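Colleague: After the structure tokens below, expect a handful of questions from me.
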Amino acid sequence: MIPELKNLRKSILKTVNDTSVYTRGNRSIYLTTLTSEDPNFAKEKTYNWIKPLNPQSLTIDSVTFYTNQICQWDSIIYRNEMEKLWASHKAPVGNTSTIEYENINLSFDAGTVLSKSITRTSSCEATNDVVWNLNVVGSVEMGLTVNKFGFEVKNEVKTGGGEDIITGNST
């Protein structure tokens, strides 16, 4: 999933020598001077989003969209791997979990009766924060001519924003 999202982002974000040289068309164009191997590739303010000349509908910044998706998947996979390490007591130093796993080693000889009762109660809570950044552009063009007198009105709206979503699980 992540490699495919990175390929989609890379396919629309073109590496060029100068991001100020472009021809606006009917589609968004994304230009950067960074290569896809650069750690800052596709990060905010490292590319130029050239909006469509006459957008017919709202247009979103697709590079930001793909970057958001990649970051969320990375976060979820990292958290899952850490839980596996914590469960096997192999977590890296500094990464601790609130989940306590019980280790019991019982030894006994043949003919010995062994009885043990263990009651364990555990609670686990996980929260996943999701932050979406979205840049949108839309425009409207109108005109009117009456008796050889006319005027034209052009309006473009640009907005950027985000949404924070917090989800939680309890067991």
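Residues in the structure tokens are named by chain (A, B, ... in the order shown) and by number from 1 within that chain; ligands are numbered from 1 in the order shown.
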So that I can see what lies close to Lys14 in chain A, please list as a ChimeraX atom specification the residues with an atom at most 7 Å from it, counting only C-alpha atoms and leaving out residues fewer than 2 positions away in the same chain.

Modeller: /A:12,16,30-32

Colleague: Could you pull out the residues in range 37-95 of chain A that DSSP calls strand (DSSP E or B) from the backbone, as a PyMOL selection string?

Modeller: chain A and resi 47-50+59-60

Colleague: Keeping all heavy atoms for every residue in the selection just given, could you write it to a file as a PDB file, in the first residue's frame?

Modeller:
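Written output follows (out38.pdb):
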```pdb
ATOM      1  N   TYR A  47       7.556  22.178  -2.881  1.00  0.00           N
ATOM      2  CA  TYR A  47       7.086  22.028  -4.255  1.00  0.00           C
ATOM      3  C   TYR A  47       6.135  23.175  -4.586  1.00  0.00           C
ATOM      4  O   TYR A  47       5.623  23.851  -3.703  1.00  0.00           O
ATOM      5  CB  TYR A  47       6.420  20.668  -4.487  1.00  0.00           C
ATOM      6  CG  TYR A  47       5.170  20.445  -3.691  1.00  0.00           C
ATOM      7  CD1 TYR A  47       3.923  20.735  -4.224  1.00  0.00           C
ATOM      8  CD2 TYR A  47       5.221  19.927  -2.400  1.00  0.00           C
ATOM      9  CE1 TYR A  47       2.767  20.537  -3.499  1.00  0.00           C
ATOM     10  CE2 TYR A  47       4.074  19.720  -1.659  1.00  0.00           C
ATOM     11  CZ  TYR A  47       2.847  20.025  -2.212  1.00  0.00           C
ATOM     12  OH  TYR A  47       1.712  19.835  -1.490  1.00  0.00           O
ATOM     13  N   ASN A  48       5.921  23.372  -5.874  1.00  0.00           N
ATOM     14  CA  ASN A  48       5.042  24.424  -6.367  1.00  0.00           C
ATOM     15  C   ASN A  48       3.802  23.768  -6.966  1.00  0.00           C
ATOM     16  O   ASN A  48       3.905  22.970  -7.889  1.00  0.00           O
ATOM     17  CB  ASN A  48       5.785  25.261  -7.423  1.00  0.00           C
ATOM     18  CG  ASN A  48       5.021  26.489  -7.848  1.00  0.00           C
ATOM     19  OD1 ASN A  48       3.992  26.832  -7.273  1.00  0.00           O
ATOM     20  ND2 ASN A  48       5.523  27.161  -8.875  1.00  0.00           N
ATOM     21  N   TRP A  49       2.626  24.115  -6.411  1.00  0.00           N
ATOM     22  CA  TRP A  49       1.369  23.603  -6.941  1.00  0.00           C
ATOM     23  C   TRP A  49       0.806  24.645  -7.889  1.00  0.00           C
ATOM     24  O   TRP A  49       0.416  25.726  -7.477  1.00  0.00           O
ATOM     25  CB  TRP A  49       0.391  23.299  -5.816  1.00  0.00           C
ATOM     26  CG  TRP A  49      -0.983  22.874  -6.258  1.00  0.00           C
ATOM     27  CD1 TRP A  49      -1.315  22.240  -7.415  1.00  0.00           C
ATOM     28  CD2 TRP A  49      -2.199  23.046  -5.524  1.00  0.00           C
ATOM     29  NE1 TRP A  49      -2.671  21.990  -7.460  1.00  0.00           N
ATOM     30  CE2 TRP A  49      -3.230  22.478  -6.306  1.00  0.00           C
ATOM     31  CE3 TRP A  49      -2.522  23.611  -4.307  1.00  0.00           C
ATOM     32  CZ2 TRP A  49      -4.556  22.471  -5.893  1.00  0.00           C
ATOM     33  CZ3 TRP A  49      -3.846  23.590  -3.892  1.00  0.00           C
ATOM     34  CH2 TRP A  49      -4.850  23.034  -4.679  1.00  0.00           C
ATOM     35  N   ILE A  50       0.781  24.321  -9.180  1.00  0.00           N
ATOM     36  CA  ILE A  50       0.213  25.210 -10.179  1.00  0.00           C
ATOM     37  C   ILE A  50      -1.230  24.767 -10.397  1.00  0.00           C
ATOM     38  O   ILE A  50      -1.479  23.666 -10.888  1.00  0.00           O
ATOM     39  CB  ILE A  50       1.009  25.190 -11.504  1.00  0.00           C
ATOM     40  CG1 ILE A  50       2.428  25.723 -11.267  1.00  0.00           C
ATOM     41  CG2 ILE A  50       0.329  26.036 -12.550  1.00  0.00           C
ATOM     42  CD1 ILE A  50       3.437  24.680 -11.037  1.00  0.00           C
ATOM     43  N   THR A  59     -10.598  21.796  -6.602  1.00  0.00           N
ATOM     44  CA  THR A  59      -9.380  21.040  -6.871  1.00  0.00           C
ATOM     45  C   THR A  59      -8.581  20.949  -5.586  1.00  0.00           C
ATOM     46  O   THR A  59      -8.379  21.959  -4.915  1.00  0.00           O
ATOM     47  CB  THR A  59      -8.537  21.757  -7.951  1.00  0.00           C
ATOM     48  OG1 THR A  59      -9.350  21.950  -9.099  1.00  0.00           O
ATOM     49  CG2 THR A  59      -7.328  20.942  -8.328  1.00  0.00           C
ATOM     50  N   ILE A  60      -8.140  19.747  -5.229  1.00  0.00           N
ATOM     51  CA  ILE A  60      -7.349  19.594  -4.010  1.00  0.00           C
ATOM     52  C   ILE A  60      -5.878  19.396  -4.357  1.00  0.00           C
ATOM     53  O   ILE A  60      -5.536  19.019  -5.473  1.00  0.00           O
ATOM     54  CB  ILE A  60      -7.836  18.410  -3.143  1.00  0.00           C
ATOM     55  CG1 ILE A  60      -7.598  17.070  -3.841  1.00  0.00           C
ATOM     56  CG2 ILE A  60      -9.280  18.574  -2.749  1.00  0.00           C
ATOM     57  CD1 ILE A  60      -7.715  15.881  -2.929  1.00  0.00           C
TER      58      ILE A  60
END
```
